[in-house]
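To be precise, the following lines are protein-v1.tsv, and they hold TSV, C-alpha atoms.
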chain	number	residue	atom	x	y	z
A	1321	MET	CA	6.30	-15.81	-41.88
A	1322	ALA	CA	2.63	-15.31	-42.54
A	1323	HIS	CA	2.90	-17.79	-45.30
A	1324	PHE	CA	4.48	-20.30	-43.03
A	1325	LYS	CA	1.82	-19.91	-40.38
A	1326	ASN	CA	-1.04	-20.15	-42.80
A	1327	LYS	CA	0.14	-23.55	-43.86
A	1328	LYS	CA	0.07	-24.95	-40.37
A	1329	LYS	CA	-3.21	-23.79	-38.95
A	1330	LYS	CA	-5.48	-20.75	-38.98
A	1331	GLU	CA	-4.24	-18.40	-36.26
A	1332	LEU	CA	-5.27	-14.85	-35.55
A	1333	PRO	CA	-3.77	-12.76	-38.33
A	1334	ALA	CA	-1.24	-10.11	-37.26
A	1335	ILE	CA	-2.66	-6.63	-37.08
A	1336	SER	CA	-1.67	-4.74	-40.16
A	1337	THR	CA	0.64	-1.85	-39.40
A	1338	ALA	CA	0.28	-0.44	-42.86
A	1339	SER	CA	-1.93	2.37	-41.63
A	1340	LEU	CA	0.50	3.37	-38.87
A	1341	PRO	CA	2.29	5.88	-41.11
A	1342	ASP	CA	-1.07	7.45	-41.89
A	1343	ILE	CA	-1.86	7.91	-38.23
A	1344	VAL	CA	1.56	9.31	-37.50
A	1345	PHE	CA	1.32	11.62	-40.49
A	1346	MET	CA	-1.99	12.88	-39.25
A	1347	LEU	CA	-0.44	13.76	-35.90
A	1348	LEU	CA	2.52	15.26	-37.71
A	1349	PHE	CA	0.32	17.55	-39.77
A	1350	PHE	CA	-1.54	18.65	-36.68
A	1351	PHE	CA	1.65	19.67	-34.93
A	1352	MET	CA	3.08	21.24	-38.06
A	1353	VAL	CA	0.04	23.45	-38.33
A	1354	ALA	CA	-0.13	24.22	-34.63
A	1355	THR	CA	3.55	25.00	-34.29
A	1356	VAL	CA	4.55	28.60	-33.99
A	1357	MET	CA	8.27	28.62	-34.36
A	1358	ARG	CA	10.10	31.34	-32.55
A	1359	ASP	CA	10.86	33.62	-35.41
A	1360	THR	CA	13.20	35.83	-33.50
A	1361	THR	CA	16.35	34.84	-31.77
A	1362	LEU	CA	16.71	36.84	-28.63
A	1363	LYS	CA	19.83	38.91	-28.49
A	1364	VAL	CA	18.93	40.53	-25.19
A	1365	GLU	CA	18.45	39.19	-21.72
A	1366	ASN	CA	14.72	38.80	-21.38
A	1367	GLU	CA	13.74	37.95	-17.86
A	1368	LEU	CA	10.15	39.20	-17.77
A	1369	PRO	CA	8.80	40.72	-14.54
A	1370	TYR	CA	6.17	38.96	-12.49
A	1371	ALA	CA	2.52	40.00	-12.19
A	1372	ASP	CA	-0.62	38.19	-11.15
A	1373	GLN	CA	-3.38	40.46	-12.40
A	1374	VAL	CA	-2.89	39.41	-15.98
A	1375	GLU	CA	-4.98	38.98	-19.08
A	1376	LYS	CA	-4.15	36.50	-21.79
A	1377	LEU	CA	-3.29	37.61	-25.27
A	1378	GLN	CA	-5.48	35.58	-27.56
A	1379	LYS	CA	-4.77	36.18	-31.22
A	1380	LYS	CA	-1.11	35.68	-31.97
A	1381	SER	CA	-1.45	37.12	-35.46
A	1382	LEU	CA	-2.49	40.49	-34.06
A	1383	ILE	CA	0.51	41.03	-31.86
A	1384	MET	CA	3.64	43.01	-32.56
A	1385	TYR	CA	6.59	42.34	-30.32
A	1386	ILE	CA	9.13	44.76	-28.96
A	1387	TYR	CA	11.93	43.29	-26.90
A	1388	ALA	CA	14.31	45.17	-24.65
A	1389	GLY	CA	17.00	44.36	-22.16
A	1390	THR	CA	20.72	44.31	-21.73
A	1391	PRO	CA	22.49	42.56	-24.62
A	1392	SER	CA	23.26	38.94	-23.79
A	1393	ASN	CA	26.84	37.85	-23.18
A	1394	ARG	CA	27.66	37.05	-26.79
A	1395	TYR	CA	26.75	40.49	-28.03
A	1396	ARG	CA	28.06	42.54	-25.15
A	1397	GLN	CA	31.33	43.24	-26.94
A	1398	THR	CA	29.64	44.91	-29.88
A	1399	ALA	CA	26.40	46.19	-28.42
A	1400	GLY	CA	27.53	47.40	-25.01
A	1401	SER	CA	26.01	46.62	-21.64
A	1402	GLU	CA	23.30	49.28	-21.57
A	1403	PRO	CA	19.71	48.09	-22.18
A	1404	ARG	CA	18.85	47.99	-25.87
A	1405	ILE	CA	15.72	47.49	-27.93
A	1406	GLN	CA	15.42	44.49	-30.21
A	1407	LEU	CA	13.04	44.49	-33.17
A	1408	ASN	CA	12.82	41.26	-35.15
A	1409	ASP	CA	16.37	39.98	-35.23
A	1410	LYS	CA	18.25	43.22	-34.88
A	1411	PHE	CA	19.26	45.64	-32.21
A	1412	ALA	CA	17.45	48.89	-32.78
A	1413	ARG	CA	17.38	52.46	-31.63
A	1414	VAL	CA	14.35	54.26	-30.26
A	1415	SER	CA	13.92	56.00	-33.61
A	1416	ASP	CA	13.55	52.62	-35.34
A	1417	VAL	CA	10.37	51.79	-33.45
A	1418	GLN	CA	8.14	54.02	-35.59
A	1419	PRO	CA	9.08	52.53	-38.99
A	1420	TYR	CA	8.88	49.03	-37.52
A	1421	ILE	CA	5.33	49.53	-36.27
A	1422	LEU	CA	4.25	51.13	-39.53
A	1423	GLU	CA	5.71	48.24	-41.49
A	1424	GLU	CA	4.00	45.65	-39.31
A	1425	LYS	CA	0.72	47.52	-39.65
A	1426	SER	CA	0.95	47.64	-43.43
A	1427	LYS	CA	1.32	43.85	-43.53
A	1428	LYS	CA	-2.09	43.36	-41.96
A	1429	ARG	CA	-5.50	43.74	-43.54
A	1430	PRO	CA	-6.88	47.27	-43.07
A	1431	GLU	CA	-9.81	46.18	-40.91
A	1432	LEU	CA	-7.47	44.46	-38.49
A	1433	ARG	CA	-5.01	47.32	-38.12
A	1434	ARG	CA	-6.95	48.97	-35.31
A	1435	LYS	CA	-6.91	45.77	-33.32
A	1436	LEU	CA	-3.16	45.30	-33.29
A	1437	ILE	CA	-1.61	45.03	-29.87
A	1438	THR	CA	2.00	45.80	-29.11
A	1439	SER	CA	3.49	43.37	-26.65
A	1440	LEU	CA	6.30	44.95	-24.68
A	1441	LYS	CA	8.68	42.21	-23.65
A	1442	MET	CA	11.00	44.14	-21.48
A	1443	ASP	CA	13.59	42.76	-19.15
A	1444	ASP	CA	13.01	43.10	-15.45
A	1445	GLU	CA	15.99	45.37	-14.99
A	1446	THR	CA	15.48	47.71	-17.90
A	1447	ASN	CA	15.24	51.31	-16.78
A	1448	MET	CA	11.93	53.08	-17.19
A	1449	GLY	CA	13.57	55.76	-19.34
A	1450	LEU	CA	13.83	53.34	-22.24
A	1451	VAL	CA	10.33	52.01	-21.67
A	1452	SER	CA	8.74	55.44	-21.66
A	1453	ASP	CA	10.71	56.40	-24.78
A	1454	VAL	CA	9.25	53.36	-26.54
A	1455	LYS	CA	5.78	54.24	-25.28
A	1456	HIS	CA	6.19	57.78	-26.58
A	1457	GLU	CA	7.14	56.46	-30.02
A	1458	LEU	CA	4.12	54.15	-30.01
A	1459	ARG	CA	1.84	57.07	-29.28
A	1460	LYS	CA	3.32	58.93	-32.24
A	1461	VAL	CA	2.27	56.13	-34.62
A	1462	GLU	CA	-1.08	55.72	-32.91
A	1463	ALA	CA	-0.39	52.20	-31.70
A	1464	TYR	CA	-2.24	52.78	-28.46
A	1465	LYS	CA	-2.97	49.22	-27.43
A	1466	ILE	CA	-0.10	47.80	-25.48
A	1467	ASN	CA	0.49	44.87	-23.22
A	1468	TYR	CA	3.23	44.70	-20.64
A	1469	THR	CA	4.00	41.03	-21.09
A	1470	THR	CA	4.82	39.32	-17.82
A	1471	LYS	CA	5.31	35.97	-16.20
A	1472	SER	CA	2.70	34.89	-13.74
A	1473	GLY	CA	3.80	35.12	-10.14
A	1474	GLU	CA	3.60	37.49	-7.24
A	1475	ALA	CA	4.62	41.01	-8.02
A	1476	SER	CA	6.75	41.26	-4.91
A	1477	LYS	CA	9.28	38.95	-6.60
A	1478	ASN	CA	10.30	41.88	-8.76
A	1479	PHE	CA	12.11	43.58	-5.92
B	1388	MET	CA	20.17	-11.28	-68.02
B	1389	ALA	CA	16.44	-11.15	-68.19
B	1390	LYS	CA	14.75	-7.83	-67.63
B	1391	ARG	CA	13.59	-7.69	-64.05
B	1392	ASP	CA	10.68	-5.73	-62.69
B	1393	ALA	CA	11.61	-2.82	-60.45
B	1394	PRO	CA	11.34	-4.12	-56.88
B	1395	ASP	CA	8.77	-2.60	-54.58
B	1396	VAL	CA	10.08	0.04	-52.26
B	1397	ASN	CA	9.73	-1.13	-48.70
B	1398	ALA	CA	7.40	1.26	-47.00
B	1399	GLY	CA	7.99	-0.19	-43.57
B	1400	SER	CA	10.38	2.57	-42.54
B	1401	MET	CA	7.89	5.25	-43.49
B	1402	ALA	CA	6.53	5.18	-39.95
B	1403	ASP	CA	10.02	5.77	-38.57
B	1404	ILE	CA	10.53	8.80	-40.77
B	1405	ALA	CA	7.14	10.18	-39.84
B	1406	PHE	CA	7.88	9.59	-36.15
B	1407	LEU	CA	11.14	11.45	-36.47
B	1408	LEU	CA	9.41	14.46	-37.97
B	1409	LEU	CA	6.62	14.21	-35.43
B	1410	ILE	CA	9.04	14.27	-32.54
B	1411	PHE	CA	10.83	17.26	-34.01
B	1412	PHE	CA	7.61	19.25	-34.24
B	1413	LEU	CA	6.47	18.08	-30.84
B	1414	VAL	CA	9.63	19.48	-29.34
B	1415	THR	CA	9.58	22.81	-31.18
B	1416	THR	CA	5.90	23.50	-30.59
B	1417	THR	CA	5.06	26.29	-28.18
B	1418	ILE	CA	1.38	26.40	-27.48
B	1419	GLU	CA	1.69	28.71	-24.49
B	1420	THR	CA	0.10	32.10	-24.91
B	1421	ASP	CA	1.57	35.31	-23.66
B	1422	GLN	CA	-0.04	37.10	-20.81
B	1423	GLY	CA	0.38	40.46	-19.26
B	1424	ILE	CA	-1.15	43.73	-18.17
B	1425	SER	CA	-2.99	45.43	-21.02
B	1426	ARG	CA	-3.18	49.19	-21.27
B	1427	ASN	CA	-4.41	51.81	-23.67
B	1428	LEU	CA	-2.02	54.67	-24.19
B	1429	PRO	CA	-3.49	58.16	-24.37
B	1430	PRO	CA	-3.28	59.94	-27.74
B	1431	LEU	CA	-0.40	62.34	-28.13
B	1432	GLU	CA	-1.41	65.94	-27.68
B	1433	GLU	CA	0.68	69.00	-28.29
B	1434	ASP	CA	-0.11	70.56	-24.97
B	1435	PRO	CA	-2.08	68.31	-22.66
B	1436	PRO	CA	-5.06	70.14	-21.18
B	1437	LYS	CA	-4.56	71.04	-17.56
B	1438	VAL	CA	-7.61	69.97	-15.67
B	1439	GLU	CA	-8.31	71.82	-12.48
B	1440	ARG	CA	-9.02	69.21	-9.91
B	1441	ASN	CA	-9.18	68.85	-6.25
B	1442	GLU	CA	-6.00	67.83	-4.49
B	1443	ARG	CA	-7.76	65.18	-2.49
B	1444	ASN	CA	-9.01	63.41	-5.60
B	1445	VAL	CA	-5.47	62.59	-6.66
B	1446	PHE	CA	-3.58	59.60	-5.34
B	1447	GLN	CA	0.04	60.22	-6.11
B	1448	VAL	CA	2.38	57.27	-6.47
B	1449	LEU	CA	5.99	58.16	-7.00
B	1450	ILE	CA	8.67	55.59	-7.71
B	1451	SER	CA	12.10	57.00	-7.05
B	1452	LYS	CA	15.23	56.09	-8.93
B	1453	ASP	CA	16.23	53.83	-6.03
B	1454	ASP	CA	12.96	51.92	-6.49
B	1455	GLU	CA	11.37	53.34	-3.37
B	1456	LEU	CA	7.68	54.01	-3.20
B	1457	LEU	CA	6.28	57.38	-2.16
B	1458	VAL	CA	2.53	57.56	-1.85
B	1459	ASP	CA	1.15	61.05	-1.25
B	1460	ASN	CA	4.63	62.02	-0.09
B	1461	GLU	CA	4.92	59.24	2.43
B	1462	ARG	CA	7.05	56.14	2.14
B	1463	MET	CA	5.16	52.94	1.64
B	1464	LYS	CA	5.89	49.28	1.14
B	1465	LEU	CA	4.56	47.55	-1.95
B	1466	GLY	CA	2.50	45.21	0.20
B	1467	ASN	CA	0.45	48.12	1.57
B	1468	LEU	CA	-0.17	49.80	-1.77
B	1469	LYS	CA	-3.25	47.80	-2.75
B	1470	GLU	CA	-4.96	48.53	0.55
B	1471	ALA	CA	-4.11	52.21	0.36
B	1472	ALA	CA	-5.41	52.40	-3.19
B	1473	ILE	CA	-8.68	50.71	-2.24
B	1474	TYR	CA	-9.07	53.06	0.72
B	1475	PHE	CA	-8.60	56.01	-1.62
B	1476	ILE	CA	-10.80	54.85	-4.53
B	1477	ASP	CA	-13.65	53.50	-2.46
B	1478	ASN	CA	-13.66	56.39	0.03
B	1479	GLY	CA	-16.74	58.15	-1.35
B	1480	GLY	CA	-16.39	61.31	0.73
B	1481	GLY	CA	-18.48	63.40	-1.66
B	1482	LYS	CA	-21.66	65.16	-0.56
B	1483	GLY	CA	-24.83	65.83	-2.55
B	1484	GLU	CA	-24.26	65.54	-6.28
B	1485	LYS	CA	-20.81	64.07	-5.86
B	1486	ALA	CA	-21.94	61.40	-3.44
B	1487	CYS	CA	-21.18	57.79	-4.23
B	1488	GLN	CA	-24.11	55.43	-3.68
B	1489	TYR	CA	-22.25	52.13	-3.83
B	1490	CYS	CA	-19.00	52.92	-2.03
B	1491	GLN	CA	-18.22	51.19	1.23
B	1492	GLY	CA	-15.32	53.39	2.27
B	1493	LYS	CA	-15.03	55.49	5.39
B	1494	GLY	CA	-16.01	58.77	3.76
B	1495	ASP	CA	-12.79	60.42	4.91
B	1496	PRO	CA	-13.06	64.13	3.98
B	1497	LYS	CA	-9.36	64.19	3.17
B	1498	SER	CA	-9.62	61.38	0.61
B	1499	SER	CA	-11.47	61.07	-2.71
B	1500	ASP	CA	-15.06	62.22	-3.35
B	1501	ASN	CA	-16.13	59.55	-5.78
B	1502	PRO	CA	-14.43	56.68	-7.68
B	1503	VAL	CA	-15.40	58.37	-10.93
B	1504	LYS	CA	-13.43	61.46	-9.95
B	1505	ALA	CA	-10.53	59.71	-8.29
B	1506	ILE	CA	-7.32	59.81	-10.25
B	1507	ILE	CA	-4.22	57.77	-9.62
B	1508	SER	CA	-1.10	59.47	-10.78
B	1509	ILE	CA	2.06	57.44	-11.31
B	1510	GLU	CA	5.38	59.19	-11.60
B	1511	HIS	CA	8.67	57.52	-12.13
B	1512	ASP	CA	12.25	58.40	-12.74
B	1513	ARG	CA	14.17	57.42	-15.85
B	1514	GLN	CA	16.38	55.24	-13.64
B	1515	THR	CA	13.48	53.33	-12.09
B	1516	GLU	CA	13.57	49.60	-12.72
B	1517	TYR	CA	10.90	48.25	-15.04
B	1518	GLY	CA	10.12	45.34	-12.73
B	1519	VAL	CA	9.23	47.69	-9.89
B	1520	TYR	CA	7.02	49.75	-12.15
B	1521	ILE	CA	5.18	46.58	-13.23
B	1522	ALA	CA	4.81	45.56	-9.59
B	1523	VAL	CA	3.16	48.91	-8.83
B	1524	GLN	CA	0.88	48.65	-11.87
B	1525	ASN	CA	-0.02	45.13	-10.79
B	1526	GLU	CA	-1.00	46.21	-7.28
B	1527	LEU	CA	-3.16	49.03	-8.64
B	1528	VAL	CA	-4.91	46.67	-11.05
B	1529	ALA	CA	-5.42	44.28	-8.13
B	1530	ALA	CA	-7.10	47.07	-6.15
B	1531	PHE	CA	-9.45	47.84	-9.02
B	1532	ASN	CA	-10.19	44.19	-9.65
B	1533	GLN	CA	-11.13	43.68	-6.03
B	1534	LEU	CA	-13.57	46.59	-6.05
B	1535	ARG	CA	-14.99	45.64	-9.43
B	1536	ASN	CA	-15.43	42.04	-8.32
B	1537	ARG	CA	-17.37	43.23	-5.31
B	1538	GLU	CA	-19.73	45.31	-7.44
B	1539	ALA	CA	-20.12	42.56	-10.03
B	1540	GLN	CA	-21.01	40.10	-7.30
B	1541	ARG	CA	-23.60	42.51	-5.96
B	1542	LEU	CA	-25.17	43.33	-9.34
B	1543	TYR	CA	-24.76	40.17	-11.38
B	1544	GLY	CA	-23.70	37.50	-8.91
B	1545	GLN	CA	-20.35	36.74	-10.53
B	1546	ASP	CA	-16.80	38.04	-10.47
B	1547	TYR	CA	-15.76	40.82	-12.81
B	1548	THR	CA	-12.53	39.03	-13.67
B	1549	ALA	CA	-14.47	35.87	-14.53
B	1550	MET	CA	-16.77	37.93	-16.76
B	1551	VAL	CA	-13.84	39.39	-18.65
B	1552	LYS	CA	-12.35	35.94	-19.05
B	1553	THR	CA	-15.52	34.54	-20.58
B	1554	PHE	CA	-15.83	37.59	-22.80
B	1555	LYS	CA	-12.34	37.18	-24.21
B	1556	GLY	CA	-12.48	33.40	-24.34
B	1557	PRO	CA	-13.63	31.28	-27.27
B	1558	ASP	CA	-16.92	30.13	-25.70
B	1559	LEU	CA	-19.11	32.97	-26.92
B	1560	GLU	CA	-19.67	33.65	-30.57
B	1561	ASP	CA	-18.90	37.10	-31.93
B	1562	GLY	CA	-22.01	39.26	-32.18
B	1563	SER	CA	-24.20	36.83	-30.30
B	1564	ASN	CA	-26.74	38.16	-27.83
B	1565	ALA	CA	-25.00	36.63	-24.83
B	1566	LYS	CA	-21.74	38.29	-25.75
B	1567	GLU	CA	-23.33	41.69	-26.25
B	1568	GLU	CA	-25.10	41.37	-22.93
B	1569	LEU	CA	-21.87	40.49	-21.16
B	1570	LYS	CA	-20.16	43.43	-22.85
B	1571	GLY	CA	-22.81	45.74	-21.47
B	1572	LYS	CA	-22.37	44.36	-17.98
B	1573	ILE	CA	-18.60	44.74	-18.10
B	1574	LYS	CA	-18.99	48.32	-19.30
B	1575	GLN	CA	-21.37	49.04	-16.45
B	1576	ILE	CA	-18.88	47.79	-13.87
B	1577	ARG	CA	-16.08	49.73	-15.48
B	1578	LYS	CA	-18.21	52.84	-15.28
B	1579	LEU	CA	-18.62	52.42	-11.53
B	1580	TYR	CA	-14.88	52.10	-10.97
B	1581	PRO	CA	-13.09	53.61	-13.95
B	1582	LEU	CA	-9.36	53.04	-14.17
B	1583	ASN	CA	-8.23	56.65	-14.11
B	1584	LEU	CA	-4.48	56.38	-14.35
B	1585	SER	CA	-2.33	59.30	-15.23
B	1586	GLU	CA	1.32	58.92	-16.01
B	1587	ALA	CA	3.47	61.96	-15.85
B	1588	GLU	CA	5.88	62.42	-18.69
B	1589	THR	CA	9.38	61.84	-17.54
B	1590	GLU	CA	11.68	64.61	-18.55
B	1591	LYS	CA	14.73	63.83	-20.56
B	1592	ARG	CA	17.90	64.70	-18.84
Final structure tokens representation of the file:
Amino acid sequence: MAHFKNKKKKELPAISTASLPDIVFMLLFFFMVATVMRDTTLKVENELPYADQVEKLQKKSLIMYIYAGTPSNRYRQTAGSEPRIQLNDKFARVSDVQPYILEEKSKKRPELRRKLITSLKMDDETNMGLVSDVKHELRKVEAYKINYTTKSGEASKNF
Amino acid sequence: MAKRDAPDVNAGSMADIAFLLLIFFLVTTTIETDQGISRNLPPLEEDPPKVERNERNVFQVLISKDDELLVDNERMKLGNLKEAAIYFIDNGGGKGEKACQYCQGKGDPKSSDNPVKAIISIEHDRQTEYGVYIAVQNELVAAFNQLRNREAQRLYGQDYTAMVKTFKGPDLEDGSNAKEELKGKIKQIRKLYPLNLSEAETEKR
């Protein structure tokens, strides 16, 4: 084509698209680096409660997650319908919280260990018994910083 | 047949492949950050020290197993909790040494002496719903934020919540003078209205 045109008369040359892959790759790398893939599949219902007096959690690398809620439909047969705790990908008992926290702590550099925050992602309808059991376990391993993770919205929606 | 040169690989479809990958990562990316109510848990002690304190300096919030709110033994709606908490914290009924210079409350002799002494006690049942508990926590934080904002406006001409946001945000460099100064200011405000929350241990049944 270009050959053919050149013979006839000098027109504006077509813009080279050779560098298009480079641009796209650049974008690709940005998103690859920025992506945080959900590393846990939720096995529990996790409808977070609403609150409006919230603070943002900044450093994702310094957060440990504890999920709780009633097992979702697929797992109800095996796990029952009472609220359960989920750590990483597994259902867990209250006694599993301590080793989990200690393991997570040991993965981090010593100077960062004090700054770790435990994010409690508890379902709206979990009973407080379970929540206070988890909190008690956290106090045993000296993981005092916690965050009740919520959605933003008016608190009265929780009723 | 004569030996032919290997033909050039057509790189034209490279962009398509890259686009495909790009779209995949675009879709899976979650840039949202979590948010919530942050708390510091108290250290575990064998037998918690019993502090003798005045009845009127305690604001008791009880959440029953049916998710009803009892404040100082009276039923209350969630919507009124913030106001009641502010009334209690900001009362400043103390005399002499206990007096509160900056309070704007009514000075009710039946309510708290001083925000520094005022304690909010939250009790809940094991059957209480988590959402309700969070709602109560949220209202109490709202009460404190309102009072702290007022003091921050008076002392430094800006909101306390805005100050905390700048402090935690990426704008200020760690260890810089501005950050240290802001930290001092935040501490000062927190000292005026300390978040004295006490949570009773729920008994296992």
Enumerate, in order of chain and increasing residue number, the residues of chain B with an atom no farther than 9 Å from chain A, each with its shortest atom pair and distance in Å to one decimal, counting only C-alpha atoms, as JSON lines.
{"residue": "B:Ala1398", "atom": "CA", "partner": "A:Ala1338", "partner_atom": "CA", "distance": 8.4}
{"residue": "B:Gly1399", "atom": "CA", "partner": "A:Ala1338", "partner_atom": "CA", "distance": 7.7}
{"residue": "B:Ser1400", "atom": "CA", "partner": "A:Pro1341", "partner_atom": "CA", "distance": 8.9}
{"residue": "B:Met1401", "atom": "CA", "partner": "A:Pro1341", "partner_atom": "CA", "distance": 6.1}
{"residue": "B:Ala1402", "atom": "CA", "partner": "A:Pro1341", "partner_atom": "CA", "distance": 4.5}
{"residue": "B:Asp1403", "atom": "CA", "partner": "A:Pro1341", "partner_atom": "CA", "distance": 8.1}
{"residue": "B:Ile1404", "atom": "CA", "partner": "A:Pro1341", "partner_atom": "CA", "distance": 8.7}
{"residue": "B:Ala1405", "atom": "CA", "partner": "A:Phe1345", "partner_atom": "CA", "distance": 6.0}
{"residue": "B:Phe1406", "atom": "CA", "partner": "A:Val1344", "partner_atom": "CA", "distance": 6.5}
{"residue": "B:Leu1408", "atom": "CA", "partner": "A:Leu1348", "partner_atom": "CA", "distance": 6.9}
{"residue": "B:Leu1409", "atom": "CA", "partner": "A:Leu1348", "partner_atom": "CA", "distance": 4.8}
{"residue": "B:Ile1410", "atom": "CA", "partner": "A:Leu1348", "partner_atom": "CA", "distance": 8.4}
{"residue": "B:Phe1412", "atom": "CA", "partner": "A:Phe1351", "partner_atom": "CA", "distance": 6.0}
{"residue": "B:Leu1413", "atom": "CA", "partner": "A:Phe1351", "partner_atom": "CA", "distance": 6.5}
{"residue": "B:Thr1415", "atom": "CA", "partner": "A:Met1357", "partner_atom": "CA", "distance": 6.8}
{"residue": "B:Thr1416", "atom": "CA", "partner": "A:Thr1355", "partner_atom": "CA", "distance": 4.6}
{"residue": "B:Thr1417", "atom": "CA", "partner": "A:Val1356", "partner_atom": "CA", "distance": 6.3}
{"residue": "B:Ile1418", "atom": "CA", "partner": "A:Thr1355", "partner_atom": "CA", "distance": 7.3}
{"residue": "B:Thr1420", "atom": "CA", "partner": "A:Leu1377", "partner_atom": "CA", "distance": 6.5}
{"residue": "B:Asp1421", "atom": "CA", "partner": "A:Leu1377", "partner_atom": "CA", "distance": 5.6}
{"residue": "B:Gln1422", "atom": "CA", "partner": "A:Lys1376", "partner_atom": "CA", "distance": 4.3}
{"residue": "B:Gly1423", "atom": "CA", "partner": "A:Thr1469", "partner_atom": "CA", "distance": 4.1}
{"residue": "B:Ile1424", "atom": "CA", "partner": "A:Tyr1468", "partner_atom": "CA", "distance": 5.1}
{"residue": "B:Ser1425", "atom": "CA", "partner": "A:Asn1467", "partner_atom": "CA", "distance": 4.2}
{"residue": "B:Arg1426", "atom": "CA", "partner": "A:Ile1466", "partner_atom": "CA", "distance": 5.4}
{"residue": "B:Asn1427", "atom": "CA", "partner": "A:Lys1465", "partner_atom": "CA", "distance": 4.8}
{"residue": "B:Leu1428", "atom": "CA", "partner": "A:Tyr1464", "partner_atom": "CA", "distance": 4.7}
{"residue": "B:Pro1429", "atom": "CA", "partner": "A:Tyr1464", "partner_atom": "CA", "distance": 6.9}
{"residue": "B:Pro1430", "atom": "CA", "partner": "A:Arg1459", "partner_atom": "CA", "distance": 6.1}
{"residue": "B:Leu1431", "atom": "CA", "partner": "A:Arg1459", "partner_atom": "CA", "distance": 5.8}
{"residue": "B:Asp1454", "atom": "CA", "partner": "A:Phe1479", "partner_atom": "CA", "distance": 8.4}
{"residue": "B:Leu1465", "atom": "CA", "partner": "A:Ser1476", "partner_atom": "CA", "distance": 7.3}
{"residue": "B:Gly1466", "atom": "CA", "partner": "A:Ser1476", "partner_atom": "CA", "distance": 7.7}
{"residue": "B:His1511", "atom": "CA", "partner": "A:Met1448", "partner_atom": "CA", "distance": 7.5}
{"residue": "B:Asp1512", "atom": "CA", "partner": "A:Met1448", "partner_atom": "CA", "distance": 6.9}
{"residue": "B:Arg1513", "atom": "CA", "partner": "A:Gly1449", "partner_atom": "CA", "distance": 3.9}
{"residue": "B:Gln1514", "atom": "CA", "partner": "A:Asn1447", "partner_atom": "CA", "distance": 5.2}
{"residue": "B:Thr1515", "atom": "CA", "partner": "A:Met1448", "partner_atom": "CA", "distance": 5.3}
{"residue": "B:Glu1516", "atom": "CA", "partner": "A:Asn1447", "partner_atom": "CA", "distance": 4.7}
{"residue": "B:Tyr1517", "atom": "CA", "partner": "A:Met1448", "partner_atom": "CA", "distance": 5.4}
{"residue": "B:Gly1518", "atom": "CA", "partner": "A:Asp1444", "partner_atom": "CA", "distance": 4.6}
{"residue": "B:Val1519", "atom": "CA", "partner": "A:Asn1478", "partner_atom": "CA", "distance": 6.0}
{"residue": "B:Tyr1520", "atom": "CA", "partner": "A:Met1448", "partner_atom": "CA", "distance": 7.8}
{"residue": "B:Ile1521", "atom": "CA", "partner": "A:Pro1369", "partner_atom": "CA", "distance": 7.0}
{"residue": "B:Ala1522", "atom": "CA", "partner": "A:Ala1475", "partner_atom": "CA", "distance": 4.8}
{"residue": "B:Val1523", "atom": "CA", "partner": "A:Ala1475", "partner_atom": "CA", "distance": 8.1}
{"residue": "B:Gln1524", "atom": "CA", "partner": "A:Ala1371", "partner_atom": "CA", "distance": 8.8}
{"residue": "B:Asn1525", "atom": "CA", "partner": "A:Ala1371", "partner_atom": "CA", "distance": 5.9}
{"residue": "B:Glu1526", "atom": "CA", "partner": "A:Ala1475", "partner_atom": "CA", "distance": 7.7}
{"residue": "B:Val1528", "atom": "CA", "partner": "A:Gln1373", "partner_atom": "CA", "distance": 6.5}
{"residue": "B:Ala1529", "atom": "CA", "partner": "A:Gln1373", "partner_atom": "CA", "distance": 6.1}
{"residue": "B:Asn1532", "atom": "CA", "partner": "A:Gln1373", "partner_atom": "CA", "distance": 8.2}
{"residue": "B:Val1551", "atom": "CA", "partner": "A:Glu1375", "partner_atom": "CA", "distance": 8.9}
{"residue": "B:Lys1552", "atom": "CA", "partner": "A:Glu1375", "partner_atom": "CA", "distance": 8.0}
{"residue": "B:Lys1555", "atom": "CA", "partner": "A:Gln1378", "partner_atom": "CA", "distance": 7.8}
{"residue": "B:Gly1556", "atom": "CA", "partner": "A:Gln1378", "partner_atom": "CA", "distance": 8.0}
{"residue": "B:Glu1588", "atom": "CA", "partner": "A:Ser1452", "partner_atom": "CA", "distance": 8.1}
{"residue": "B:Thr1589", "atom": "CA", "partner": "A:Gly1449", "partner_atom": "CA", "distance": 7.6}
{"residue": "B:Lys1591", "atom": "CA", "partner": "A:Gly1449", "partner_atom": "CA", "distance": 8.2}
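The neighbours of B:Glu1470 here are the residues that come within 12 Å of it, using only C-alpha atoms and leaving out any residue fewer than 6 positions away in the same chain; they are B:Val1458, B:Met1463, B:Lys1464, B:Ile1476, B:Asp1477, B:Asn1478, B:Gly1492, B:Glu1526, B:Leu1527, B:Val1528, B:Ala1529, B:Ala1530, B:Phe1531, B:Gln1533, B:Leu1534.
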Exercise for review: For A:Thr1360, list every protein, DNA or RNA residue within 10 Å, evaluated using only C-alpha atoms, and leave out those in the same chain fewer than 3 positions away; present the list as JSON, numbers by chain.
Suggested key: {"A": [1357, 1363, 1385, 1406, 1407, 1408, 1409, 1410]}
Mind working out the centre and edge lengths of an axis-aligned box for stretch 1505-1521 of chain B, all listed atoms inside, 5 Å added to each side, rounded to one decimal in Å and written as AutoDock Vina command-line options?
--center_x 2.9 --center_y 52.6 --center_z -12.1 --size_x 36.9 --size_y 24.5 --size_z 17.6
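In this comparison, which uses only C-alpha atoms, the residue of B:Asn1583, B:Asn1397, B:Gln1488, B:Asn1467 approaching B:Val1503 most closely is B:Asn1583.
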